[in-house]
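Enquirer: Provided below: coords.cif, containing mmCIF, C-alpha atoms and all ligand atoms.
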data_entry
loop_
_atom_site.label_atom_id
_atom_site.label_comp_id
_atom_site.auth_asym_id
_atom_site.auth_seq_id
_atom_site.Cartn_x
_atom_site.Cartn_y
_atom_site.Cartn_z
CA MET W 996 123.53 49.21 -25.09
CA SER W 997 120.53 50.62 -26.85
CA LYS W 998 119.36 48.91 -30.02
CA THR W 999 118.17 50.35 -33.31
CA MET W 1000 114.65 49.60 -34.52
CA ASP W 1001 116.14 47.30 -37.21
CA GLN W 1002 118.02 45.27 -34.65
CA ILE W 1003 115.06 44.75 -32.36
CA MET W 1004 112.95 43.48 -35.24
CA THR W 1005 115.33 40.78 -36.40
CA ASP W 1006 113.45 38.12 -34.40
CA THR W 1007 110.08 37.12 -35.73
CA TRP W 1008 107.65 38.50 -33.22
CA LEU W 1009 105.13 35.71 -33.80
CA ASP W 1010 107.58 33.00 -32.62
CA VAL W 1011 106.36 33.27 -29.02
CA PHE W 1012 102.72 32.68 -29.97
CA THR W 1013 102.66 28.90 -29.61
CA THR W 1014 99.48 27.05 -28.70
CA LYS W 1015 100.70 27.06 -25.07
CA CYS W 1016 100.94 30.84 -24.68
CA SER W 1017 97.24 31.36 -24.11
CA THR W 1018 93.92 29.76 -23.46
CA TRP W 1019 90.36 31.03 -23.66
CA GLN W 1020 86.87 30.37 -22.36
CA ASN W 1021 83.74 31.19 -24.33
CA ASN W 1022 81.23 32.93 -22.08
CA ALA W 1023 78.19 30.76 -21.45
CA THR W 1024 76.14 33.63 -19.98
CA VAL W 1025 76.54 36.20 -22.77
CA SER W 1026 73.19 37.77 -23.56
CA SER W 1027 71.45 36.87 -26.79
CA ALA W 1028 69.64 40.23 -26.76
CA LYS W 1029 70.46 41.97 -29.98
CA LYS W 1030 69.56 45.55 -30.63
CA LEU W 1031 68.93 47.20 -27.29
CA LEU W 1032 71.37 47.28 -24.44
CA HIS W 1033 70.52 44.66 -21.82
CA PRO W 1034 68.32 46.33 -19.12
CA LYS W 1035 70.74 45.40 -16.31
CA ILE W 1036 73.57 47.11 -18.20
CA GLU W 1037 71.35 50.13 -18.90
CA GLU W 1038 70.64 50.33 -15.17
CA ILE W 1039 74.37 50.50 -14.34
CA MET W 1040 75.48 52.62 -17.28
CA SER W 1041 72.48 54.74 -18.15
CA ALA W 1042 72.53 56.77 -21.37
CA ASP W 1043 71.94 59.99 -19.42
CA GLU W 1044 74.85 59.44 -17.05
CA GLY W 1045 77.12 58.59 -20.02
CA LEU W 1046 76.10 61.82 -21.78
CA ARG W 1047 76.67 63.78 -18.59
CA ALA W 1048 80.22 62.37 -18.25
CA LYS W 1049 80.92 63.04 -21.91
CA SER W 1050 79.73 66.62 -21.92
CA GLU W 1051 81.68 67.34 -18.73
CA ILE W 1052 84.98 65.76 -19.81
CA GLN W 1053 84.84 67.32 -23.28
CA LYS W 1054 85.02 70.73 -21.60
CA TRP W 1055 88.20 69.95 -19.68
CA ASP W 1056 91.38 71.72 -20.72
CA GLY W 1057 93.50 69.49 -22.91
CA TYR W 1058 90.63 67.23 -24.02
CA LYS W 1059 91.37 65.76 -27.44
CA VAL W 1060 90.05 62.72 -29.29
CA THR W 1061 92.84 60.08 -29.14
CA PRO W 1062 94.09 58.52 -32.40
CA LEU W 1063 92.72 55.41 -34.08
CA HIS W 1064 95.54 53.75 -36.06
CA TYR W 1065 95.11 51.47 -39.05
CA LEU W 1066 97.53 48.51 -38.83
CA GLU W 1067 97.60 47.17 -42.37
CA LYS W 1068 100.84 45.18 -42.14
CA ILE W 1069 99.97 43.49 -38.88
CA ALA W 1070 96.56 42.54 -40.31
CA LYS W 1071 98.37 40.76 -43.17
CA GLU W 1072 100.72 39.00 -40.73
CA LEU W 1073 97.76 37.74 -38.70
CA ARG W 1074 95.60 36.90 -41.73
CA VAL W 1075 92.64 39.14 -40.90
CA ALA W 1076 90.93 41.79 -43.07
CA ASP W 1077 91.89 44.83 -41.02
CA ILE W 1078 92.97 46.03 -37.61
CA HIS W 1079 92.27 49.38 -35.96
CA LEU W 1080 93.96 50.32 -32.71
CA LYS W 1081 92.66 53.01 -30.37
CA ASP W 1082 95.76 54.57 -28.82
CA GLU W 1083 95.31 56.03 -25.32
CA SER W 1084 98.97 56.96 -24.80
CA SER W 1085 98.25 60.67 -25.14
CA ARG W 1086 95.06 60.99 -23.04
CA PHE W 1087 95.25 64.32 -21.15
CA GLY W 1088 99.04 64.01 -21.17
CA LEU W 1089 98.76 61.33 -18.45
CA GLY W 1090 99.74 58.41 -20.65
CA SER W 1091 96.65 56.23 -20.24
CA PHE W 1092 92.84 56.04 -20.57
CA LYS W 1093 92.68 56.09 -16.78
CA ALA W 1094 92.83 59.89 -16.89
CA LEU W 1095 89.12 59.75 -17.78
CA GLY W 1096 87.76 57.68 -14.90
CA GLY W 1097 89.52 58.63 -11.66
CA ALA W 1098 89.45 62.37 -12.31
CA TYR W 1099 85.78 62.28 -13.35
CA ALA W 1100 84.93 60.39 -10.15
CA VAL W 1101 86.82 62.99 -8.07
CA PHE W 1102 84.74 65.67 -9.77
CA ARG W 1103 81.48 63.83 -9.04
CA VAL W 1104 82.40 63.22 -5.39
CA LEU W 1105 83.29 66.89 -4.92
CA SER W 1106 80.14 68.16 -6.63
CA GLN W 1107 77.98 65.97 -4.37
CA LEU W 1108 79.75 67.15 -1.22
CA ILE W 1109 79.39 70.76 -2.37
CA GLU W 1110 75.69 70.22 -3.03
CA LYS W 1111 75.28 68.74 0.46
CA GLN W 1112 76.85 71.78 2.09
CA THR W 1113 75.43 74.56 -0.08
CA GLY W 1114 72.30 73.13 -1.67
CA ASP W 1115 73.69 74.12 -5.10
CA LYS W 1116 72.59 71.59 -7.71
CA ASN W 1117 74.50 70.42 -10.80
CA VAL W 1118 77.78 72.08 -9.85
CA ASN W 1119 80.08 71.78 -12.87
CA SER W 1120 83.85 71.57 -13.09
CA ALA W 1121 84.19 75.18 -14.29
CA ASP W 1122 82.45 76.33 -11.09
CA ILE W 1123 84.84 74.26 -8.99
CA ARG W 1124 87.94 75.34 -10.91
CA SER W 1125 86.97 79.02 -10.66
CA GLY W 1126 87.51 78.75 -6.90
CA SER W 1127 83.89 79.57 -5.98
CA TYR W 1128 83.81 76.53 -3.67
CA GLN W 1129 87.42 76.64 -2.54
CA THR W 1130 86.59 76.93 1.14
CA ILE W 1131 84.80 73.59 0.88
CA THR W 1132 87.09 71.67 -1.51
CA LYS W 1133 90.32 72.51 0.28
CA ASN W 1134 89.05 70.62 3.33
CA ILE W 1135 88.07 67.50 1.39
CA THR W 1136 90.53 64.60 1.04
CA VAL W 1137 90.20 61.96 -1.66
CA VAL W 1138 92.07 58.69 -1.28
CA THR W 1139 92.80 55.64 -3.38
CA ALA W 1140 95.04 52.59 -3.47
CA THR W 1141 96.66 51.98 -6.83
CA ASP W 1142 99.41 50.25 -8.72
CA GLY W 1143 99.80 53.15 -11.07
CA ASN W 1144 97.44 54.76 -13.51
CA HIS W 1145 94.25 55.05 -11.48
CA GLY W 1146 96.14 56.80 -8.67
CA LYS W 1147 97.67 59.18 -11.18
CA SER W 1148 94.21 60.08 -12.47
CA VAL W 1149 92.82 60.67 -8.96
CA ALA W 1150 95.86 62.78 -7.99
CA TRP W 1151 95.55 64.80 -11.20
CA GLY W 1152 91.80 65.31 -10.62
CA ALA W 1153 92.47 66.42 -7.02
CA ARG W 1154 94.98 68.99 -8.22
CA GLU W 1155 92.65 70.21 -10.99
CA PHE W 1156 89.70 70.61 -8.64
CA GLY W 1157 91.60 71.87 -5.59
CA CYS W 1158 91.13 69.19 -2.93
CA GLN W 1159 93.56 67.17 -0.79
CA CYS W 1160 94.71 63.75 -1.97
CA LYS W 1161 96.47 60.70 -0.53
CA ILE W 1162 97.59 57.83 -2.72
CA TYR W 1163 98.37 54.40 -1.24
CA ILE W 1164 100.81 52.15 -3.06
CA HIS W 1165 102.03 48.65 -2.23
CA ARG W 1166 105.58 47.32 -1.91
CA ASP W 1167 105.90 46.30 -5.60
CA VAL W 1168 104.88 49.59 -7.24
CA SER W 1169 107.97 50.76 -9.13
CA LYS W 1170 109.77 53.96 -8.15
CA GLY W 1171 109.03 55.30 -11.63
CA ARG W 1172 105.28 54.88 -11.14
CA GLU W 1173 105.46 56.37 -7.63
CA GLN W 1174 107.27 59.42 -8.93
CA ALA W 1175 104.82 59.90 -11.79
CA ILE W 1176 101.93 60.10 -9.29
CA ALA W 1177 103.75 62.24 -6.72
CA GLU W 1178 104.30 64.90 -9.38
CA PHE W 1179 100.67 65.95 -8.95
CA GLY W 1180 101.34 67.14 -5.42
CA CYS W 1181 99.51 64.43 -3.49
CA GLU W 1182 100.78 62.63 -0.41
CA MET W 1183 102.15 59.16 -1.19
CA VAL W 1184 101.72 56.39 1.40
CA ARG W 1185 103.71 53.18 0.76
CA VAL W 1186 102.31 50.08 2.45
CA SER W 1187 104.60 47.09 3.13
CA GLY W 1188 102.14 44.41 1.89
CA ASN W 1189 100.58 43.69 -1.51
CA TYR W 1190 97.83 45.52 -3.44
CA ASP W 1191 95.04 44.15 -1.22
CA HIS W 1192 96.85 45.45 1.87
CA SER W 1193 97.13 48.91 0.35
CA VAL W 1194 93.37 48.87 -0.35
CA GLN W 1195 92.61 47.81 3.24
CA GLN W 1196 94.92 50.42 4.75
CA ALA W 1197 93.46 53.20 2.57
CA ASP W 1198 90.00 52.14 3.70
CA ILE W 1199 90.87 51.99 7.42
CA ASP W 1200 92.60 55.39 7.36
CA SER W 1201 89.73 56.94 5.40
CA GLN W 1202 87.12 55.76 7.87
CA LYS W 1203 89.17 57.10 10.77
CA ASN W 1204 89.71 60.50 9.18
CA ASN W 1205 86.52 61.04 7.22
CA TRP W 1206 88.35 60.96 3.88
CA HIS W 1207 86.65 59.89 0.63
CA VAL W 1208 87.76 56.72 -1.14
CA VAL W 1209 87.74 57.02 -4.94
CA SER W 1210 88.28 53.43 -6.06
CA ASP W 1211 87.95 51.99 -9.56
CA THR W 1212 86.63 48.68 -8.31
CA SER W 1213 83.23 47.95 -6.76
CA TYR W 1214 82.46 45.60 -3.89
CA PRO W 1215 79.44 45.04 -1.61
CA GLY W 1216 78.46 48.40 -0.12
CA TYR W 1217 80.71 50.41 -2.49
CA MET W 1218 79.05 50.86 -5.87
CA ASP W 1219 78.51 54.55 -6.70
CA VAL W 1220 82.06 55.82 -7.20
CA PRO W 1221 83.24 52.92 -9.44
CA LYS W 1222 80.12 53.61 -11.54
CA TYR W 1223 81.32 57.20 -12.08
CA VAL W 1224 84.75 55.84 -13.01
CA MET W 1225 83.24 53.58 -15.68
CA GLN W 1226 80.97 56.37 -16.93
CA GLY W 1227 84.10 58.48 -17.43
CA TYR W 1228 85.63 55.73 -19.59
CA THR W 1229 82.66 55.55 -21.97
CA ILE W 1230 83.77 58.68 -23.84
CA LEU W 1231 86.52 56.52 -25.34
CA ALA W 1232 83.93 54.27 -26.99
CA SER W 1233 81.89 57.27 -28.18
CA GLU W 1234 85.03 58.52 -29.91
CA ILE W 1235 85.54 55.13 -31.58
CA GLY W 1236 81.91 55.23 -32.76
CA GLU W 1237 82.62 58.56 -34.45
CA GLN W 1238 86.00 57.44 -35.85
CA ILE W 1239 84.69 54.23 -37.47
CA ILE W 1240 81.80 55.24 -39.66
CA ASP W 1241 81.58 52.21 -41.90
CA LYS W 1242 82.92 48.67 -41.69
CA ILE W 1243 82.05 48.09 -38.06
CA PRO W 1244 84.57 45.71 -36.44
CA THR W 1245 83.66 42.05 -36.05
CA HIS W 1246 85.84 41.54 -32.94
CA VAL W 1247 87.14 43.84 -30.22
CA PHE W 1248 89.95 42.85 -27.85
CA LEU W 1249 89.87 44.63 -24.47
CA PRO W 1250 92.22 44.28 -21.49
CA GLY W 1251 90.98 43.04 -18.13
CA GLY W 1252 92.20 44.07 -14.68
CA VAL W 1253 89.17 44.35 -12.39
CA GLY W 1254 87.07 44.59 -15.56
CA GLY W 1255 86.05 48.27 -15.45
CA ILE W 1256 87.38 49.40 -18.81
CA ALA W 1257 86.25 46.28 -20.67
CA ALA W 1258 82.77 46.63 -19.14
CA ALA W 1259 82.45 50.33 -19.97
CA ILE W 1260 83.59 49.88 -23.58
CA SER W 1261 81.56 46.76 -24.30
CA ALA W 1262 78.44 48.45 -22.88
CA GLU W 1263 78.92 51.60 -24.92
CA LEU W 1264 79.75 49.77 -28.18
CA TRP W 1265 76.53 47.76 -27.70
CA ARG W 1266 74.63 51.04 -27.30
CA ILE W 1267 76.26 52.54 -30.40
CA TRP W 1268 76.28 49.58 -32.80
CA GLY W 1269 73.38 47.48 -31.44
CA GLU W 1270 72.96 44.16 -33.24
CA ASN W 1271 76.04 44.88 -35.38
CA ARG W 1272 78.30 45.21 -32.36
CA PRO W 1273 81.57 43.24 -32.41
CA LYS W 1274 82.30 40.10 -30.42
CA VAL W 1275 84.03 41.14 -27.20
CA ILE W 1276 87.16 39.24 -26.14
CA VAL W 1277 88.68 40.19 -22.78
CA VAL W 1278 92.41 39.55 -22.33
CA GLU W 1279 94.13 38.99 -18.96
CA PRO W 1280 97.50 37.79 -17.61
CA GLU W 1281 97.45 34.11 -16.63
CA ALA W 1282 98.78 35.05 -13.17
CA ALA W 1283 95.87 37.48 -12.62
CA ASP W 1284 92.92 35.73 -14.20
CA CYS W 1285 89.92 36.78 -12.09
CA LEU W 1286 87.65 37.43 -15.08
CA TYR W 1287 88.59 34.16 -16.79
CA GLN W 1288 87.98 32.31 -13.50
CA SER W 1289 84.64 34.10 -13.14
CA ALA W 1290 83.69 32.92 -16.63
CA LEU W 1291 84.64 29.34 -15.72
CA SER W 1292 82.43 29.37 -12.63
CA ALA W 1293 79.75 31.73 -14.06
CA LYS W 1294 80.02 33.98 -11.00
CA PRO W 1295 82.58 36.45 -9.58
CA ALA W 1296 85.73 34.52 -8.66
CA GLN W 1297 89.26 35.22 -7.50
CA SER W 1298 92.41 34.97 -9.59
CA SER W 1299 94.10 31.57 -9.44
CA GLY W 1300 97.66 32.91 -9.82
CA ASN W 1301 100.09 34.92 -7.68
CA LEU W 1302 99.29 38.21 -9.48
CA GLU W 1303 102.93 38.63 -10.55
CA THR W 1304 102.92 39.70 -14.16
CA VAL W 1305 104.71 42.04 -16.52
CA MET W 1306 101.25 43.45 -17.34
CA ALA W 1307 101.45 45.51 -14.14
CA CYS W 1308 98.14 47.34 -14.51
CA LEU W 1309 96.18 44.13 -15.16
CA SER W 1310 97.31 42.54 -11.92
CA ALA W 1311 93.95 42.18 -10.16
CA GLY W 1312 92.97 39.52 -7.64
CA GLU W 1313 89.22 40.11 -7.75
CA VAL W 1314 86.70 41.37 -10.25
CA SER W 1315 84.71 44.54 -9.78
CA LEU W 1316 81.15 43.35 -9.13
CA LEU W 1317 79.57 46.00 -11.33
CA ALA W 1318 81.99 45.20 -14.14
CA TRP W 1319 81.09 41.52 -13.87
CA ASP W 1320 77.38 42.38 -14.03
CA ILE W 1321 78.13 43.96 -17.41
CA LEU W 1322 80.77 41.58 -18.79
CA SER W 1323 78.88 38.42 -17.87
CA ARG W 1324 76.22 39.66 -20.33
CA SER W 1325 78.30 41.47 -22.93
CA ALA W 1326 81.62 39.60 -23.32
CA ASN W 1327 81.83 36.65 -25.69
CA ALA W 1328 85.10 35.17 -24.46
CA PHE W 1329 87.81 35.56 -21.82
CA MET W 1330 91.41 34.84 -22.68
CA ILE W 1331 94.54 34.46 -20.54
CA LEU W 1332 98.08 35.06 -21.76
CA ASN W 1333 101.57 34.32 -20.55
CA ASP W 1334 104.05 37.14 -19.99
CA GLN W 1335 106.36 36.13 -22.86
CA THR W 1336 103.84 37.44 -25.38
CA ILE W 1337 104.08 41.04 -24.18
CA ALA W 1338 107.54 42.38 -25.11
CA PRO W 1339 107.29 41.12 -28.73
CA SER W 1340 103.87 42.78 -29.05
CA MET W 1341 105.20 46.06 -27.64
CA ARG W 1342 108.09 45.90 -30.11
CA ARG W 1343 105.79 45.12 -33.02
CA LEU W 1344 103.71 48.20 -32.22
CA ALA W 1345 106.89 50.27 -31.77
CA LYS W 1346 107.82 49.26 -35.30
CA GLU W 1347 104.56 50.95 -36.41
CA GLY W 1348 105.51 54.08 -34.45
CA ILE W 1349 103.05 53.32 -31.63
CA VAL W 1350 104.15 53.45 -28.00
CA SER W 1351 102.20 50.84 -26.08
CA GLY W 1352 103.09 49.85 -22.51
CA GLU W 1353 103.10 46.41 -20.88
CA SER W 1354 99.35 46.43 -20.23
CA GLY W 1355 98.52 48.39 -23.38
CA ALA W 1356 100.04 45.78 -25.70
CA ALA W 1357 98.10 42.91 -24.08
CA THR W 1358 95.29 43.24 -26.63
CA LEU W 1359 97.60 42.83 -29.64
CA ALA W 1360 99.19 39.88 -27.82
CA GLY W 1361 95.70 38.43 -27.28
CA LEU W 1362 94.80 38.84 -30.94
CA ALA W 1363 98.08 37.29 -32.09
CA ALA W 1364 97.60 34.37 -29.69
CA ALA W 1365 94.03 33.88 -30.94
CA CYS W 1366 95.09 34.02 -34.60
CA GLN W 1367 98.11 31.72 -34.32
CA ASN W 1368 96.22 28.89 -32.65
CA PRO W 1369 93.95 27.15 -35.19
CA ASN W 1370 91.54 26.07 -32.45
CA SER W 1371 91.03 29.53 -30.96
CA ARG W 1372 90.79 31.02 -34.44
CA ILE W 1373 87.84 28.76 -35.19
CA SER W 1374 86.31 28.99 -31.73
CA LEU W 1375 86.38 32.80 -31.71
CA GLY W 1376 85.22 33.00 -35.32
CA ILE W 1377 88.31 34.81 -36.63
CA ASP W 1378 89.12 34.48 -40.32
CA GLU W 1379 90.47 36.49 -43.25
CA ASN W 1380 87.27 38.58 -43.32
CA SER W 1381 87.51 39.62 -39.67
CA ARG W 1382 87.81 43.30 -38.85
CA ILE W 1383 89.56 43.76 -35.54
CA LEU W 1384 89.46 46.61 -33.04
CA LEU W 1385 92.20 46.74 -30.39
CA LEU W 1386 92.46 49.04 -27.42
CA SER W 1387 95.96 50.07 -26.36
CA THR W 1388 95.24 51.52 -22.94
CA GLU W 1389 98.60 53.11 -22.17
CA GLY W 1390 101.87 54.46 -23.50
CA ALA W 1391 105.18 54.18 -21.68
CA THR W 1392 103.69 54.81 -18.24
CA ASP W 1393 106.94 53.46 -16.76
CA PRO W 1394 109.62 54.66 -19.22
CA HIS W 1395 112.32 52.55 -17.56
CA ILE W 1396 110.45 49.29 -17.97
CA TYR W 1397 109.42 50.31 -21.48
CA LYS W 1398 113.05 50.72 -22.53
CA LYS W 1399 114.00 47.44 -20.89
CA LEU W 1400 111.32 45.53 -22.82
CA VAL W 1401 111.41 47.30 -26.18
CA GLY W 1402 115.11 48.09 -26.34
CA ILE W 1403 114.77 51.81 -27.07
CA ASP W 1404 113.36 54.89 -25.36
CA ALA W 1405 109.70 55.64 -26.00
CA ASP W 1406 110.43 59.06 -27.53
CA LYS W 1407 112.70 57.41 -30.12
CA VAL W 1408 109.84 55.16 -31.23
CA VAL W 1409 107.92 58.15 -32.50
CA THR W 1410 110.86 59.92 -34.13
CA THR W 1411 112.62 56.93 -35.78
CA PRO W 1412 111.58 56.76 -39.44
CA LEU W 1413 109.81 53.51 -40.23
CA ILE W 1414 111.10 51.20 -42.91
C1 LIG J 1501 96.91 50.87 -18.61
C2 LIG J 1501 95.81 50.04 -18.03
N1 LIG J 1501 95.22 49.16 -18.84
C3 LIG J 1501 94.21 48.39 -18.38
C4 LIG J 1501 93.78 48.48 -17.07
C5 LIG J 1501 92.67 47.55 -16.60
O1 LIG J 1501 91.52 48.26 -16.25
P1 LIG J 1501 90.42 47.59 -15.30
O2 LIG J 1501 91.10 47.38 -13.97
O3 LIG J 1501 89.32 48.59 -15.27
O4 LIG J 1501 90.04 46.29 -15.90
C6 LIG J 1501 94.38 49.39 -16.21
C7 LIG J 1501 93.94 49.50 -14.81
O5 LIG J 1501 94.53 50.17 -14.00
C8 LIG J 1501 95.41 50.22 -16.70
O6 LIG J 1501 96.02 51.12 -15.93
#
Once you've parsed the file, please lay out its structure as structure tokens.

Expert:
Amino acid sequence: MSKTMDQIMTDTWLDVFTTKCSTWQNNATVSSAKKLLHPKIEEIMSADEGLRAKSEIQKWDGYKVTPLHYLEKIAKELRVADIHLKDESSRFGLGSFKALGGAYAVFRVLSQLIEKQTGDKNVNSADIRSGSYQTITKNITVVTATDGNHGKSVAWGAREFGCQCKIYIHRDVSKGREQAIAEFGCEMVRVSGNYDHSVQQADIDSQKNNWHVVSDTSYPGYMDVPKYVMQGYTILASEIGEQIIDKIPTHVFLPGGVGGIAAAISAELWRIWGENRPKVIVVEPEAADCLYQSALSAKPAQSSGNLETVMACLSAGEVSLLAWDILSRSANAFMILNDQTIAPSMRRLAKEGIVSGESGAATLAGLAAACQNPNSRISLGIDENSRILLLSTEGATDPHIYKKLVGIDADKVVTTPLI
């Protein structure tokens, strides 16, 4: 039976935030450099490449700055000065920030292949969309393994730019997520093993067939494409920089899967706000804690858990090496959370009229966990003067699971009047 918004809010959402629901590790290797972006980060995420991504993506049909919400009541409940939440649920109609990275990387891969064949330099997306290079693009196949949103972005990019696309998914990807990707006309390949198996199979098949892997994670020998993916994400931080003109946040909570989005945003906020940039706290599921483990050992490490988590899109076994190069210098702390914190956080945001999915709500859960534990509050320097920035990376990307966890359909969240 579906519940009303009143009914679902009868429990106190903060009850689950006991001292056992989370733990954190301050980052011993964070850079003390103040004003200017650390040179290693500049090397990976150069200002020019960021501007190139921004000016390209801003020209895409359907580009719109996503909303930044002010959460006054939740700030009072958590005893902080204010909270802003960047809401990526509407990005390009794809339901998550991922629309920016995968599709931009598809564009960059295609423009390079076109340049190789024709000698034409700086091919832009309008040229590709106009069909001028159709004879080339229709014979190119892009491939990725995914558990949801990245694959959707690659499939969407492939359709936009007129190339072939194959998306590999593992045994646990829900039917709902599979369907949402297949809608873009790509070929879906379901692999019987876990995420790592789907990555391996995509790689083997690509090598055999001369397809092009467009992955969001970097590993030895595969660095360029994930860099494009992260460059695509930086537009999100540029928007925040334009939306918050005064009262720069003191803390930003970012979600961590392989680390790409947290790395891109922390790098760009450093570039924008320099020595006034906020402390960066990266939030992960305890069952998929590769960034937290990397912080503990001060080098890239594997997750210690079985990767089974309600935060489906944060279920990563290994960090992206490029992301770690950035986060090891730019993140102040890494936090892990148990799954029980997620549904109450999704419901609390629903009460504010914000649709935030299982991975999207992880940052509010991380903030609540940090605030409710006196030790983490002190250790992370959070008090009643703190100004918090949260990133909600997705809406109801699996509407079925959303309804199961929140109690009502996502479209009702927006239309139900708030009390
Ligand atoms: C909705 C959502 N949030 C967060 C993430 C984590 O991003 P990253 O793997 O770059 O850390 C993902 C990754 O797929 C995602 O889809």

Enquirer: Work out how far CA of Ser1340 (chain W) is from CA of Ala1290 (chain W), in Å to one decimal.

Expert: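 Computing the Euclidean distance for CA of Ala1290 (chain W) and CA of Ser1340 (chain W) yields 25.7 Å.
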
Enquirer: List all protein, DNA and RNA residues that have an atom no more than 6 Å from any atom of ligand LIG 1501 (chain J), counting all atoms listed in the file, and report them as a ChimeraX atom specification.

Expert: /W:1091,1144-1145,1250-1256,1308-1309,1354-1355,1388-1389

Enquirer: Suppose you want the space between CA of Leu1286 (chain W) and CA of Leu1316 (chain W); what is it in Å?

Expert: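 We find that CA of Leu1286 (chain W) and CA of Leu1316 (chain W) lie 10.6 Å from each other.
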
Enquirer: Counting all atoms listed in the file, figure out which residue out of W:Asn1189, W:Thr1392, W:Ser1050, W:Thr1212 gets nearest to Ser1351 (chain W).

Expert: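 Of the candidates, the smallest distance to Ser1351 (chain W) is held by W:Thr1392.
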
Enquirer: Determine, counting all atoms listed in the file, which protein, DNA and RNA residues have an atom within 10 Å of an atom of Glu1234 (chain W); residues of the same chain fewer than 6 positions away are not included. Present the result as a VMD selection string.

Expert: chain W and resid 1059 to 1063 1081

Enquirer: List the spatial neighbours of Ala1338 (chain W) as an NGL selection string - criterion: any atom at most 8 Å away, all atoms listed in the file, same-chain residues fewer than 4 positions off excluded.

Expert: :W and (1342 or 1353 or 1400-1401)

Enquirer: Compute the distance from (102.9, 38.1, -14.4) to each atom, counting all atoms listed in the file, keep the residues with any atom at most 10 Å away, and return them as a ChimeraX atom specification; use the coordinates of the file.

Expert: /W:1279-1283,1300-1307,1309-1310,1332-1335

Enquirer: Under the rule that all atoms listed in the file are counted, which of W:Val1275, W:Ile1036, W:Ile1349, W:Ala1257 is the nearest residue to Leu1362 (chain W)?

Expert: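 For Leu1362 (chain W), the nearest of the candidates is W:Val1275.
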
Enquirer: Can you list, as a list in words, every protein, DNA or RNA residue that comes within 9 Å of Val1186 (chain W) when you count only C-alpha atoms, leaving out same-chain residues fewer than 3 positions away?

Expert: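 So the residues in contact are Tyr1163, Ile1164, His1165, Arg1166, Asn1189, Tyr1190, His1192, Ser1193 and Gln1196 of chain W.
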
Enquirer: Have a look at CA of Gly1143 (chain W) and CA of Gly1096 (chain W) and let me know their distance in Å, one decimal.

Expert: 13.4 Å

Enquirer: As a PyMOL selection string, please: the residues near region 1024-1026 of chain W (cut-off 9 Å, all atoms listed in the file, same-chain neighbours under 5 positions excluded).

Expert: chain W and resi 1033+1290+1293+1322-1328

Enquirer: Restricting the calculation to only C-alpha atoms: of W:Pro1034, W:Gly1045, W:Gly1188, W:Gly1376, which residue gets closest to Ser1233 (chain W)?

Expert: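 Distance minimum relative to Ser1233 (chain W) lands on W:Gly1045.
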
Enquirer: Write out as a PDB file with C-alpha atoms, in the coordinates of the input the residues lying within 12 Å of Asn1204 (chain W), counting only C-alpha atoms and excluding same-chain residues fewer than 5 positions away.

Expert:
ATOM      1  CA  ASN W1134      89.050  70.620   3.330  1.00  0.00           C
ATOM      2  CA  ILE W1135      88.070  67.500   1.390  1.00  0.00           C
ATOM      3  CA  THR W1136      90.530  64.600   1.040  1.00  0.00           C
ATOM      4  CA  VAL W1137      90.200  61.960  -1.660  1.00  0.00           C
ATOM      5  CA  VAL W1138      92.070  58.690  -1.280  1.00  0.00           C
ATOM      6  CA  LYS W1161      96.470  60.700  -0.530  1.00  0.00           C
ATOM      7  CA  ALA W1197      93.460  53.200   2.570  1.00  0.00           C
ATOM      8  CA  ASP W1198      90.000  52.140   3.700  1.00  0.00           C
ATOM      9  CA  ILE W1199      90.870  51.990   7.420  1.00  0.00           C
TER      10      ILE W1199
END

Enquirer: Ranking W:Leu1249, W:Val1194, W:Ile1267, W:Ile1039 by minimum distance to Gly1236 (chain W) and counting all atoms listed in the file, which one comes first?

Expert: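 Of W:Leu1249, W:Val1194, W:Ile1267, W:Ile1039, the one nearest Gly1236 (chain W) is W:Ile1267, counting all atoms listed in the file.
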
Enquirer: Please determine, counting all atoms listed in the file, which residue among W:Asp1077, W:Asp1191, W:Asp1056, W:Asp1219 has the shortest atom-to-atom distance to Val1101 (chain W).

Expert: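 Counting all atoms listed in the file, the residue closest to Val1101 (chain W) is W:Asp1219.
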
Enquirer: Return region 1153-1158 of chain W, completed with N, CA and C atoms, as a CSV table (one decimal), keeping the file's coordinate frame.

Expert:
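Okay, selection-v5.csv is ready:
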chain,number,residue,atom,x,y,z
W,1153,ALA,N,92.4,65.7,-8.3
W,1153,ALA,CA,92.5,66.4,-7.0
W,1153,ALA,C,93.2,67.8,-7.2
W,1154,ARG,N,94.3,67.7,-8.0
W,1154,ARG,CA,95.0,69.0,-8.2
W,1154,ARG,C,94.1,69.9,-9.1
W,1155,GLU,N,93.5,69.4,-10.1
W,1155,GLU,CA,92.6,70.2,-11.0
W,1155,GLU,C,91.5,70.9,-10.2
W,1156,PHE,N,90.9,70.1,-9.3
W,1156,PHE,CA,89.7,70.6,-8.6
W,1156,PHE,C,90.0,71.1,-7.2
W,1157,GLY,N,91.2,71.2,-6.8
W,1157,GLY,CA,91.6,71.9,-5.6
W,1157,GLY,C,91.2,71.2,-4.3
W,1158,CYS,N,91.4,69.8,-4.2
W,1158,CYS,CA,91.1,69.2,-2.9
W,1158,CYS,C,92.4,68.5,-2.5
